[in-house]
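Undergrad: Just run.txt, nothing more (compact mmCIF, C-alpha atoms and all ligand atoms):
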```txt
# COMPACT_ATOMS: atom_id res chain seq x y z
CA MET V 454 -242.93 59.70 -76.45
CA VAL V 455 -244.53 56.68 -74.77
CA VAL V 456 -242.48 53.56 -75.55
CA ARG V 457 -244.80 50.81 -76.80
CA ILE V 458 -243.43 47.54 -75.40
CA GLY V 459 -244.02 43.93 -76.45
CA VAL V 460 -243.25 41.20 -73.89
CA ILE V 461 -242.30 37.65 -74.89
CA GLY V 462 -242.73 35.29 -71.94
CA THR V 463 -245.46 36.12 -69.42
CA GLY V 464 -244.26 33.72 -66.73
CA ALA V 465 -243.01 34.50 -63.23
CA ILE V 466 -240.68 37.38 -64.02
CA GLY V 467 -242.36 38.46 -67.26
CA ARG V 468 -245.60 39.25 -65.47
CA GLU V 469 -243.65 41.13 -62.77
CA HIS V 470 -242.03 43.27 -65.45
CA ILE V 471 -245.43 43.88 -67.11
CA ARG V 472 -246.90 44.87 -63.76
CA ARG V 473 -244.07 47.26 -62.87
CA ILE V 474 -244.25 48.97 -66.30
CA SER V 475 -248.04 49.21 -66.16
CA GLU V 476 -248.45 50.23 -62.53
CA ARG V 477 -245.29 51.97 -61.30
CA LEU V 478 -243.09 53.23 -64.11
CA LYS V 479 -243.48 56.15 -66.49
CA GLY V 480 -243.03 56.61 -70.23
CA ALA V 481 -244.02 53.16 -71.49
CA ARG V 482 -247.02 50.95 -72.10
CA VAL V 483 -247.23 47.18 -72.70
CA VAL V 484 -249.14 46.92 -75.98
CA ALA V 485 -248.36 43.30 -76.93
CA VAL V 486 -247.62 40.01 -75.23
CA ASN V 487 -246.74 36.51 -76.36
CA ASP V 488 -246.32 33.20 -74.60
CA VAL V 489 -246.43 29.61 -75.85
CA ASP V 490 -248.98 29.23 -73.08
CA ARG V 491 -251.56 31.53 -74.65
CA GLN V 492 -254.02 31.03 -71.83
CA GLN V 493 -251.45 32.31 -69.37
CA ALA V 494 -250.75 35.36 -71.51
CA GLN V 495 -254.48 36.02 -71.71
CA ALA V 496 -254.79 35.73 -67.93
CA VAL V 497 -251.97 38.23 -67.38
CA VAL V 498 -253.59 40.75 -69.76
CA GLU V 499 -256.97 40.35 -68.08
CA THR V 500 -255.63 40.41 -64.51
CA LEU V 501 -253.67 43.60 -65.14
CA GLY V 502 -256.44 45.18 -67.24
CA LEU V 503 -254.12 45.75 -70.18
CA GLU V 504 -255.18 46.82 -73.68
CA ALA V 505 -252.57 44.56 -75.21
CA ARG V 506 -252.59 42.39 -78.31
CA ILE V 507 -251.81 38.71 -77.71
CA HIS V 508 -249.55 37.38 -80.45
CA ASP V 509 -249.34 33.68 -81.18
CA ASP V 510 -245.70 33.99 -82.15
CA GLY V 511 -242.85 35.96 -80.60
CA ASN V 512 -241.46 36.88 -84.00
CA ALA V 513 -244.80 38.36 -85.04
CA LEU V 514 -244.73 40.50 -81.90
CA ILE V 515 -241.21 41.70 -82.73
CA ALA V 516 -242.23 42.55 -86.32
CA SER V 517 -245.42 44.35 -85.28
CA SER V 518 -245.57 48.05 -86.21
CA GLU V 519 -247.39 48.59 -82.90
CA VAL V 520 -244.24 47.56 -80.94
CA ASP V 521 -241.32 49.98 -80.43
CA ALA V 522 -239.24 47.83 -78.05
CA VAL V 523 -239.18 44.22 -76.87
CA ILE V 524 -238.71 42.47 -73.53
CA VAL V 525 -237.59 38.83 -73.71
CA SER V 526 -238.50 36.98 -70.50
CA SER V 527 -239.10 33.52 -71.91
CA TRP V 528 -236.97 30.45 -71.10
CA GLY V 529 -233.23 30.95 -71.48
CA PRO V 530 -232.73 28.71 -74.55
CA THR V 531 -235.20 30.84 -76.54
CA HIS V 532 -233.47 34.17 -75.89
CA GLU V 533 -230.84 34.09 -78.64
CA ALA V 534 -233.30 33.78 -81.54
CA PHE V 535 -235.62 36.49 -80.23
CA VAL V 536 -232.75 38.91 -79.56
CA LEU V 537 -231.34 38.34 -83.06
CA ALA V 538 -234.82 38.94 -84.52
CA ALA V 539 -235.17 42.20 -82.57
CA ILE V 540 -231.77 43.38 -83.83
CA ALA V 541 -232.78 42.49 -87.39
CA ALA V 542 -235.96 44.52 -86.89
CA GLY V 543 -233.89 47.44 -85.53
CA LYS V 544 -235.80 47.36 -82.23
CA PRO V 545 -234.35 47.90 -78.74
CA VAL V 546 -234.54 44.66 -76.77
CA PHE V 547 -234.25 43.99 -73.03
CA CYS V 548 -233.26 40.35 -72.57
CA GLU V 549 -233.48 38.67 -69.20
CA LYS V 550 -230.39 36.68 -68.26
CA PRO V 551 -228.96 34.71 -69.87
CA LEU V 552 -228.43 36.56 -73.15
CA ALA V 553 -227.91 33.12 -74.72
CA VAL V 554 -227.12 29.74 -73.22
CA THR V 555 -223.75 29.49 -74.99
CA ALA V 556 -220.86 31.92 -75.37
CA GLN V 557 -221.02 31.34 -79.10
CA GLY V 558 -224.67 32.39 -79.12
CA CYS V 559 -223.80 35.56 -77.23
CA ARG V 560 -220.96 36.25 -79.69
CA GLN V 561 -223.41 35.94 -82.60
CA ILE V 562 -225.60 38.57 -80.95
CA VAL V 563 -222.56 40.83 -80.42
CA ASP V 564 -221.57 40.48 -84.07
CA ALA V 565 -225.15 41.12 -85.27
CA GLU V 566 -225.47 44.22 -83.10
CA MET V 567 -222.13 45.63 -84.27
CA ALA V 568 -223.17 44.99 -87.88
CA ALA V 569 -226.43 46.85 -87.19
CA GLY V 570 -224.26 49.78 -86.06
CA ARG V 571 -226.38 50.64 -83.03
CA LYS V 572 -226.51 49.34 -79.43
CA LEU V 573 -229.99 47.81 -79.15
CA VAL V 574 -229.48 45.05 -76.55
CA GLN V 575 -229.64 45.36 -72.75
CA VAL V 576 -229.21 42.27 -70.56
CA GLY V 577 -231.19 41.82 -67.32
CA PHE V 578 -228.31 42.04 -64.82
CA MET V 579 -230.33 44.10 -62.36
CA ARG V 580 -227.76 44.22 -59.51
CA ARG V 581 -226.05 47.18 -61.21
CA PHE V 582 -229.24 49.11 -60.44
CA ASP V 583 -229.41 48.06 -56.78
CA PHE V 584 -228.93 51.00 -54.37
CA ALA V 585 -226.59 49.00 -52.12
CA TYR V 586 -224.34 47.85 -54.98
CA ARG V 587 -224.31 51.42 -56.38
CA GLN V 588 -223.26 52.74 -52.94
CA LEU V 589 -220.52 50.10 -52.80
CA LYS V 590 -219.30 51.15 -56.25
CA GLN V 591 -219.26 54.81 -55.19
CA VAL V 592 -216.97 53.97 -52.26
CA LEU V 593 -214.61 52.01 -54.51
CA ASP V 594 -214.63 54.68 -57.22
CA SER V 595 -213.79 57.40 -54.65
CA GLY V 596 -210.31 55.88 -54.26
CA ASP V 597 -210.39 56.58 -50.51
CA LEU V 598 -209.67 52.90 -49.72
CA GLY V 599 -207.04 52.44 -52.40
CA GLU V 600 -207.13 49.57 -54.88
CA ALA V 601 -209.37 46.52 -54.41
CA LEU V 602 -207.35 43.38 -53.57
CA ILE V 603 -209.83 40.67 -52.51
CA LEU V 604 -213.62 40.20 -52.89
CA ASN V 605 -215.50 37.81 -50.60
CA CYS V 606 -219.03 37.09 -51.85
CA ALA V 607 -221.95 34.78 -51.10
CA HIS V 608 -225.07 34.07 -53.13
CA ARG V 609 -227.47 32.03 -51.00
CA ASN V 610 -230.97 30.91 -51.98
CA PRO V 611 -233.23 29.21 -49.40
CA GLU V 612 -234.05 26.54 -51.94
CA ALA V 613 -233.78 26.03 -55.66
CA PRO V 614 -236.63 23.88 -56.95
CA GLY V 615 -235.83 22.37 -60.33
CA PHE V 616 -232.13 23.17 -60.11
CA SER V 617 -229.96 20.57 -61.75
CA GLY V 618 -226.43 20.07 -63.01
CA ASP V 619 -224.40 23.26 -63.08
CA MET V 620 -227.25 25.77 -62.74
CA ALA V 621 -225.73 27.24 -59.57
CA LEU V 622 -222.92 28.44 -61.85
CA THR V 623 -224.86 29.14 -65.05
CA ASP V 624 -228.14 30.49 -63.64
CA SER V 625 -227.32 31.95 -60.22
CA CYS V 626 -223.73 33.11 -60.12
CA VAL V 627 -224.02 34.82 -63.49
CA HIS V 628 -225.21 37.80 -61.44
CA GLU V 629 -221.90 37.91 -59.54
CA PHE V 630 -219.93 37.42 -62.76
CA ASP V 631 -221.54 40.59 -64.13
CA VAL V 632 -221.82 42.81 -61.06
CA LEU V 633 -218.28 42.15 -59.73
CA ARG V 634 -216.72 43.03 -63.09
CA TRP V 635 -218.84 46.21 -63.07
CA LEU V 636 -217.70 47.02 -59.50
CA LEU V 637 -214.09 46.59 -60.66
CA ASP V 638 -214.49 48.82 -63.73
CA ASN V 639 -214.35 45.99 -66.28
CA ASP V 640 -211.22 44.40 -64.80
CA ASP V 641 -211.81 41.20 -66.79
CA TYR V 642 -211.44 37.72 -65.32
CA VAL V 643 -208.43 35.64 -66.40
CA SER V 644 -208.92 32.35 -64.53
CA ALA V 645 -211.51 30.26 -62.68
CA GLN V 646 -211.32 27.50 -60.09
CA VAL V 647 -214.39 25.74 -58.65
CA ILE V 648 -214.30 23.90 -55.33
CA THR V 649 -217.03 21.42 -54.39
CA PRO V 650 -217.29 21.24 -50.58
CA ARG V 651 -219.21 18.59 -48.66
CA ARG V 652 -222.75 18.42 -50.14
CA THR V 653 -225.72 19.55 -48.08
CA ARG V 654 -228.14 16.72 -47.48
CA LEU V 655 -230.94 19.23 -48.13
CA SER V 656 -230.36 19.61 -51.86
CA GLU V 657 -232.32 17.75 -54.51
CA ALA V 658 -231.07 14.44 -55.82
CA GLU V 659 -227.36 14.47 -56.66
CA LEU V 660 -227.05 18.25 -56.96
CA GLN V 661 -223.68 19.54 -55.83
CA ASP V 662 -224.45 22.30 -53.34
CA PRO V 663 -222.66 24.47 -52.16
CA HIS V 664 -219.90 25.54 -54.55
CA VAL V 665 -216.98 27.91 -54.01
CA ILE V 666 -215.82 29.76 -57.13
CA LEU V 667 -212.40 31.42 -57.18
CA LEU V 668 -211.78 34.00 -59.91
CA ARG V 669 -208.69 36.05 -60.64
CA THR V 670 -208.79 39.31 -62.61
CA ARG V 671 -206.32 40.80 -65.05
CA ASN V 672 -205.17 43.23 -62.31
CA GLY V 673 -204.67 40.36 -59.85
CA VAL V 674 -207.80 40.82 -57.74
CA HIS V 675 -208.77 37.55 -56.00
CA ILE V 676 -212.52 36.83 -55.88
CA SER V 677 -214.25 34.14 -53.84
CA ILE V 678 -217.95 33.43 -54.46
CA GLU V 679 -219.85 30.99 -52.28
CA SER V 680 -222.95 29.68 -54.03
CA PHE V 681 -225.40 27.88 -51.74
CA VAL V 682 -228.80 27.39 -53.38
CA ASN V 683 -230.37 25.31 -50.58
CA CYS V 684 -229.25 27.26 -47.52
CA ARG V 685 -232.76 27.12 -46.08
CA TYR V 686 -232.47 30.16 -43.74
CA GLY V 687 -233.17 32.84 -46.37
CA TYR V 688 -232.11 34.73 -49.51
CA ASP V 689 -228.76 36.26 -48.62
CA ILE V 690 -226.44 38.21 -50.93
CA GLN V 691 -223.07 39.22 -49.47
CA CYS V 692 -220.19 41.15 -51.00
CA GLN V 693 -217.15 42.43 -49.12
CA VAL V 694 -214.34 44.29 -50.88
CA VAL V 695 -210.94 44.28 -49.16
CA CYS V 696 -208.83 47.24 -50.33
CA GLU V 697 -205.34 48.57 -49.59
CA MET V 698 -206.56 50.91 -46.82
CA GLY V 699 -209.88 49.48 -45.69
CA THR V 700 -212.88 47.33 -46.54
CA ALA V 701 -216.38 48.04 -47.90
CA SER V 702 -219.37 45.67 -47.79
CA LEU V 703 -222.94 45.46 -48.99
CA PRO V 704 -225.16 46.58 -46.09
CA GLU V 705 -227.69 44.10 -44.67
CA PRO V 706 -231.15 44.80 -46.16
CA ALA V 707 -233.13 47.06 -43.82
CA SER V 708 -235.26 45.24 -41.25
CA VAL V 709 -236.55 46.14 -37.79
CA PRO V 710 -234.42 44.81 -34.89
CA VAL V 711 -236.80 43.17 -32.40
CA ARG V 712 -235.88 42.69 -28.71
CA HIS V 713 -238.21 40.16 -27.15
CA GLU V 714 -237.91 37.50 -24.44
CA ALA V 715 -234.19 38.01 -24.03
CA ARG V 716 -233.55 37.77 -27.76
CA LEU V 717 -232.57 40.31 -30.39
CA SER V 718 -233.75 39.29 -33.87
CA ARG V 719 -234.12 40.69 -37.40
CA GLU V 720 -235.94 39.34 -40.42
CA VAL V 721 -233.99 37.84 -43.31
CA LEU V 722 -235.40 38.12 -46.83
CA THR V 723 -236.49 34.88 -48.48
CA ASN V 724 -236.40 35.54 -52.23
CA TRP V 725 -234.72 37.53 -55.01
CA LYS V 726 -237.95 39.39 -55.90
CA ASP V 727 -238.02 41.18 -52.54
CA ARG V 728 -234.25 41.71 -52.30
CA PHE V 729 -234.07 43.34 -55.75
CA LEU V 730 -237.61 44.77 -56.11
CA THR V 731 -236.40 48.38 -56.29
CA ALA V 732 -233.41 47.45 -58.44
CA PHE V 733 -235.76 45.96 -61.05
CA ASP V 734 -237.86 49.17 -61.03
CA VAL V 735 -234.76 51.37 -61.44
CA GLU V 736 -233.40 49.03 -64.14
CA PHE V 737 -236.58 49.27 -66.18
CA GLN V 738 -237.23 52.98 -65.65
CA GLU V 739 -233.68 53.73 -66.84
CA TRP V 740 -234.13 51.35 -69.79
CA ILE V 741 -237.43 53.04 -70.76
CA ASP V 742 -235.90 56.52 -70.50
CA ALA V 743 -232.83 55.52 -72.53
CA THR V 744 -234.95 53.73 -75.14
CA ALA V 745 -237.16 56.82 -75.55
CA ALA V 746 -233.98 58.83 -76.17
CA GLY V 747 -232.64 56.27 -78.68
CA GLU V 748 -229.86 55.25 -76.30
CA MET V 749 -228.70 52.17 -74.32
CA HIS V 750 -226.68 52.58 -71.11
CA GLY V 751 -227.20 49.27 -69.25
CA PRO V 752 -225.41 45.91 -69.34
CA SER V 753 -224.67 45.29 -73.01
CA ALA V 754 -224.53 42.24 -75.24
CA TRP V 755 -220.76 42.29 -74.69
CA ASP V 756 -221.35 42.06 -70.93
CA GLY V 757 -223.66 39.13 -71.60
CA TYR V 758 -220.93 37.50 -73.71
CA VAL V 759 -218.27 37.97 -70.98
CA VAL V 760 -220.62 36.37 -68.44
CA ALA V 761 -221.23 33.40 -70.74
CA VAL V 762 -217.48 32.86 -71.31
CA THR V 763 -216.89 33.09 -67.55
CA SER V 764 -219.74 30.71 -66.81
CA ASP V 765 -218.41 28.17 -69.32
CA ALA V 766 -214.93 28.37 -67.76
CA CYS V 767 -216.40 27.78 -64.30
CA VAL V 768 -218.30 24.71 -65.48
CA LYS V 769 -215.10 23.38 -67.10
CA ALA V 770 -213.12 24.10 -63.92
CA LYS V 771 -215.71 22.31 -61.77
CA HIS V 772 -215.46 19.16 -63.85
CA SER V 773 -211.70 19.26 -64.48
CA GLY V 774 -210.75 20.11 -60.91
CA ARG V 775 -208.14 22.45 -62.36
CA ILE V 776 -207.72 26.20 -62.58
CA GLU V 777 -209.06 27.03 -66.06
CA PRO V 778 -208.18 30.11 -68.12
CA ILE V 779 -210.88 32.63 -69.02
CA GLU V 780 -209.91 33.76 -72.50
CA LEU V 781 -211.64 36.89 -73.76
CA PRO V 782 -210.87 38.96 -76.88
CA GLU V 783 -210.26 42.65 -76.46
CA ARG V 784 -213.55 44.53 -75.85
CA PRO V 785 -214.53 46.13 -79.22
CA ALA V 786 -214.52 49.93 -79.34
CA PHE V 787 -218.25 49.66 -80.16
CA TYR V 788 -218.77 48.58 -76.53
CA ARG V 789 -216.37 51.02 -74.91
CA SER V 790 -218.54 54.11 -75.22
P1 LIG X 1 -241.07 30.95 -66.15
O1 LIG X 1 -240.98 29.52 -66.59
O2 LIG X 1 -241.90 31.33 -64.98
O3 LIG X 1 -241.57 31.85 -67.37
C1 LIG X 1 -241.03 31.68 -68.67
C2 LIG X 1 -242.20 31.83 -69.65
O4 LIG X 1 -241.68 31.76 -70.97
C3 LIG X 1 -243.25 30.70 -69.52
O5 LIG X 1 -244.53 31.27 -69.36
C4 LIG X 1 -243.15 29.95 -70.86
O6 LIG X 1 -244.40 29.46 -71.32
C5 LIG X 1 -242.62 31.05 -71.77
N1 LIG X 1 -241.94 30.55 -72.97
C6 LIG X 1 -241.05 29.55 -73.05
N2 LIG X 1 -240.65 29.40 -74.33
C7 LIG X 1 -241.28 30.36 -75.07
C8 LIG X 1 -241.26 30.75 -76.42
N3 LIG X 1 -240.52 30.08 -77.33
N4 LIG X 1 -242.04 31.78 -76.81
C9 LIG X 1 -242.81 32.44 -75.92
N5 LIG X 1 -242.87 32.13 -74.60
C10 LIG X 1 -242.11 31.09 -74.19
O7 LIG X 1 -239.55 31.42 -65.93
P2 LIG X 1 -239.04 32.76 -65.18
O8 LIG X 1 -238.65 32.41 -63.78
O9 LIG X 1 -240.01 33.87 -65.42
O10 LIG X 1 -237.67 33.03 -65.97
C11 LIG X 1 -237.72 33.57 -67.28
C12 LIG X 1 -236.33 34.13 -67.58
O11 LIG X 1 -236.02 35.15 -66.61
C13 LIG X 1 -235.21 33.10 -67.47
O12 LIG X 1 -234.24 33.34 -68.46
C14 LIG X 1 -234.60 33.37 -66.08
O13 LIG X 1 -233.22 33.07 -66.00
C15 LIG X 1 -234.81 34.86 -65.94
N6 LIG X 1 -234.92 35.26 -64.53
C16 LIG X 1 -234.19 36.32 -64.13
C17 LIG X 1 -234.22 36.71 -62.80
C18 LIG X 1 -233.39 37.87 -62.33
O14 LIG X 1 -233.07 37.94 -61.14
N7 LIG X 1 -233.03 38.78 -63.22
C19 LIG X 1 -235.01 36.02 -61.88
C20 LIG X 1 -235.78 34.96 -62.34
C21 LIG X 1 -235.73 34.57 -63.67
C1 LIG X 2 -232.76 33.30 -60.51
O1 LIG X 2 -232.98 32.87 -61.85
C2 LIG X 2 -232.24 34.68 -60.51
O2 LIG X 2 -231.81 35.20 -61.52
C3 LIG X 2 -232.04 35.25 -59.15
O3 LIG X 2 -231.61 36.60 -59.23
C4 LIG X 2 -230.96 34.41 -58.49
O4 LIG X 2 -230.72 34.87 -57.17
C5 LIG X 2 -231.42 32.97 -58.42
O5 LIG X 2 -230.39 32.19 -57.82
C6 LIG X 2 -231.69 32.45 -59.84
O6 LIG X 2 -232.16 31.12 -59.77
```
Would you encode the structure as structure tokens?

TA:
Amino acid sequence: MVVRIGVIGTGAIGREHIRRISERLKGARVVAVNDVDRQQAQAVVETLGLEARIHDDGNALIASSEVDAVIVSSWGPTHEAFVLAAIAAGKPVFCEKPLAVTAQGCRQIVDAEMAAGRKLVQVGFMRRFDFAYRQLKQVLDSGDLGEALILNCAHRNPEAPGFSGDMALTDSCVHEFDVLRWLLDNDDYVSAQVITPRRTRLSEAELQDPHVILLRTRNGVHISIESFVNCRYGYDIQCQVVCEMGTASLPEPASVPVRHEARLSREVLTNWKDRFLTAFDVEFQEWIDATAAGEMHGPSAWDGYVVAVTSDACVKAKHSGRIEPIELPERPAFYRS
């Protein structure tokens, strides 16, 4: 079976997903696209030489009998409605982060999916599909180092055009909120503290940058996440796990060491597309294969809900200056399989 995919949102990442499905992955074809900027959607179809229908409305794409599964890569605030529509249509849906811009919106999606009786929603937390993070998880799962005690992480962007308010927490660090919980086998977070160090003079307007987020898990693991979205030097993702009998860290991305004029240097990546290029391909190939088999194995709507609750608690902690609780209901059995 070739999965016939409709894509809502043909912007920066949407067109990357369309390209990867059309040019590199197997078992699926993009047969429909939609974007409020119809000209842009048309340009993507023409540039990639697709035989795809351009819908004037995302809901019409979802309802189309030509579409088996949906990718939502439009702006974050539009995700909730499209995901709910896909669930109502009984169609598997891959939703780029965030699942919804509020925890309540994510909870509505969880409730709708449970009522539908079938896991249809996967959320675009691609770090779980990154080779380096998977290697790190293998080391932790082996038990050779004992239990994890402390995680030291950094999420650094060279720049963040258009970032405002609390986006470092709600748009960037959502990836850590998901992948660290996955590394720790769903050891849920119980509290958040956000520290606002001296601001870099290189960030836009009044944007607080960097931030340090401190999370504590139910099992007592202490997590520190540095978010620095205007670090200038490159795109740098760090994660070190300190365990009872040793430590394990994400390896530096491969690059050629150059010795020249009494210097030893290596390239640093400059954007998330390059750092996670392969992870995105693995994420989508696994999603296509699972969808063809009528299954869903990736980050679920519940995972998207947990991230939203965590993100909200971090924003509250930033503005209150206090340690704030992260209160989550028990994970439903529906999401335990
Ligand atoms: P973008 O602005 O480049 O593209 C979004 C597209 O959605 C635009 O073309 C816009 O016209 C379209 N759109 C907006 N509202 C729409 C609607 N109601 N119906 C149809 N189309 C609509 O943004 P982007 O950088 O591609 O980000 C899109 C989503 O992907 C965001 O949620 C973002 O957080 C996420 N994203 C994820 C990653 C990742 O690492 N997984 C990286 C970048 C962006
Ligand atoms: C962007 O939206 C992403 O999701 C990237 O993965 C992240 O590194 C970046 O900070 C976000 O702005």

Undergrad: Taking all atoms listed in the file into account, which residues have an atom no farther than 8 Å from ligand LIG 2 (chain X)? I'd like them as a list of chain:residue names.

TA: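 So the residues close to ligand LIG 2 (chain X) are V:Lys550, V:His608, V:Arg609, V:Asn610, V:Ala613, V:Phe616, V:Met620, V:Ala621, V:Asp624, V:Ser625, V:Cys626, V:His628, V:Val682, V:Tyr688, V:Asn724, V:Trp725, V:Lys726, V:Phe729.
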
Undergrad: If I take atom O2 of ligand LIG 1 (chain X) and CA of His772 in chain V, how far is one from the other in Å, to one decimal?

TA: 29.1 Å

Undergrad: Restrict the calculation to all atoms listed in the file, then for each residue of chain V with any atom at most 6 Å from an atom of ligand LIG 1 (chain X) give the closest atom pair and their distance in Å to one decimal, rows by chain and rising residue number, as a Markdown table.

TA:
```
| residue | atom | partner | partner_atom | distance |
| --- | --- | --- | --- | --- |
| V:Ile461 | CA | X:LIG1 | C9 | 5.3 |
| V:Gly462 | CA | X:LIG1 | O4 | 3.8 |
| V:Thr463 | CA | X:LIG1 | O5 | 4.9 |
| V:Gly464 | CA | X:LIG1 | O3 | 3.3 |
| V:Ala465 | CA | X:LIG1 | O9 | 3.8 |
| V:Ile466 | CA | X:LIG1 | O9 | 3.8 |
| V:Gly467 | CA | X:LIG1 | O9 | 5.5 |
| V:Asn487 | CA | X:LIG1 | C9 | 5.7 |
| V:Asp488 | CA | X:LIG1 | N5 | 3.6 |
| V:Val489 | CA | X:LIG1 | N5 | 4.5 |
| V:Asp490 | CA | X:LIG1 | O6 | 4.9 |
| V:Gly511 | CA | X:LIG1 | N4 | 5.7 |
| V:Ser526 | CA | X:LIG1 | C12 | 4.6 |
| V:Ser527 | CA | X:LIG1 | O4 | 3.3 |
| V:Trp528 | CA | X:LIG1 | C6 | 4.6 |
| V:Gly529 | CA | X:LIG1 | O12 | 4.0 |
| V:Thr531 | CA | X:LIG1 | N3 | 5.4 |
| V:Glu549 | CA | X:LIG1 | O11 | 5.1 |
| V:Lys550 | CA | X:LIG1 | O12 | 5.1 |
| V:Pro551 | CA | X:LIG1 | O12 | 5.6 |
| V:Gly577 | CA | X:LIG1 | N7 | 5.4 |
| V:Phe578 | CA | X:LIG1 | N7 | 6.0 |
```

Undergrad: Would you mind telling me which residue in V:Arg784, V:His664, V:Arg473, V:Arg728 lies nearest to Ala770 in chain V when using all atoms listed in the file?

TA: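 For Ala770 in chain V, the nearest of the candidates is V:His664.
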
Undergrad: Quick check, in Å to one decimal: how far apart do CA of Ile666 in chain V and CA of His750 in chain V lie?

TA: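 We find that CA of Ile666 in chain V and CA of His750 in chain V lie 28.9 Å from each other.
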
Undergrad: Using only C-alpha atoms, determine which residues lie at most 6 Å from Val486 in chain V, disregarding the query and same-chain residues fewer than 6 positions distant; provide the list as a count of residues only.

TA: 4

Undergrad: So, counting all atoms listed in the file, which residue among V:Gln661, V:Ser644, V:Gln495, V:Thr649 is closest to Ser764 in chain V?

TA: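 Counting all atoms listed in the file, the residue closest to Ser764 in chain V is V:Ser644.
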
Undergrad: Between CA of Gly615 in chain V and CA of Ala658 in chain V, what is the distance in Å, rounded to a tenth?

TA: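 Separation between CA of Gly615 in chain V and CA of Ala658 in chain V: 10.3 Å.
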
Undergrad: From the options V:Arg491, V:Arg634, V:Arg651, V:Arg669, which residue's atoms come nearest to Arg581 in chain V, counting all atoms listed in the file?

TA: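 The shortest atom-to-atom distance to Arg581 in chain V comes from V:Arg634.
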
Undergrad: Quick one: residues within 9 Å of Tyr642 in chain V, all atoms listed in the file counted, chain neighbours fewer than 4 positions away excluded, as an NGL selection string?

TA: :V and (630 or 634 or 668-672 or 674 or 759 or 763 or 778-781)

Undergrad: Taking (-228.2, 18.6, -62.2) in the coordinates of the supplied file, I want to know which residues reach to within 6 Å of it, counting all atoms listed in the file; could you give the answer as a list in words?

TA: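 Counting all atoms listed in the file, I find these residues within 6 Å of (-228.2, 18.6, -62.2): Ser617, Gly618 and Leu660 of chain V.
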
Undergrad: How would range 482-486 of chain V read, as a CSV table (one decimal), in the coordinates of the input, once all heavy atoms are built in?

TA:
```csv
chain,number,residue,atom,x,y,z
V,482,ARG,N,-245.8,51.7,-72.2
V,482,ARG,CA,-247.0,51.0,-72.1
V,482,ARG,C,-246.8,49.6,-72.7
V,482,ARG,O,-246.2,49.5,-73.8
V,482,ARG,CB,-248.1,51.7,-72.9
V,482,ARG,CG,-249.5,51.3,-72.6
V,482,ARG,CD,-250.5,52.4,-73.0
V,482,ARG,NE,-250.4,52.7,-74.4
V,482,ARG,CZ,-251.1,52.1,-75.3
V,482,ARG,NH1,-251.9,51.0,-74.9
V,482,ARG,NH2,-251.0,52.4,-76.6
V,483,VAL,N,-247.3,48.5,-72.1
V,483,VAL,CA,-247.2,47.2,-72.7
V,483,VAL,C,-248.4,47.0,-73.7
V,483,VAL,O,-249.6,47.1,-73.3
V,483,VAL,CB,-247.3,46.1,-71.6
V,483,VAL,CG1,-247.4,44.7,-72.3
V,483,VAL,CG2,-246.1,46.2,-70.7
V,484,VAL,N,-248.1,46.9,-75.0
V,484,VAL,CA,-249.1,46.9,-76.0
V,484,VAL,C,-249.3,45.5,-76.6
V,484,VAL,O,-250.2,45.3,-77.4
V,484,VAL,CB,-248.8,48.0,-77.1
V,484,VAL,CG1,-248.8,49.4,-76.5
V,484,VAL,CG2,-247.5,47.6,-77.8
V,485,ALA,N,-248.3,44.6,-76.3
V,485,ALA,CA,-248.4,43.3,-76.9
V,485,ALA,C,-247.7,42.3,-76.0
V,485,ALA,O,-246.7,42.6,-75.4
V,485,ALA,CB,-247.7,43.3,-78.3
V,486,VAL,N,-248.2,41.1,-76.0
V,486,VAL,CA,-247.6,40.0,-75.2
V,486,VAL,C,-247.7,38.7,-76.1
V,486,VAL,O,-248.4,38.6,-77.0
V,486,VAL,CB,-248.3,39.8,-73.9
V,486,VAL,CG1,-248.3,41.0,-73.0
V,486,VAL,CG2,-249.8,39.3,-74.1
```
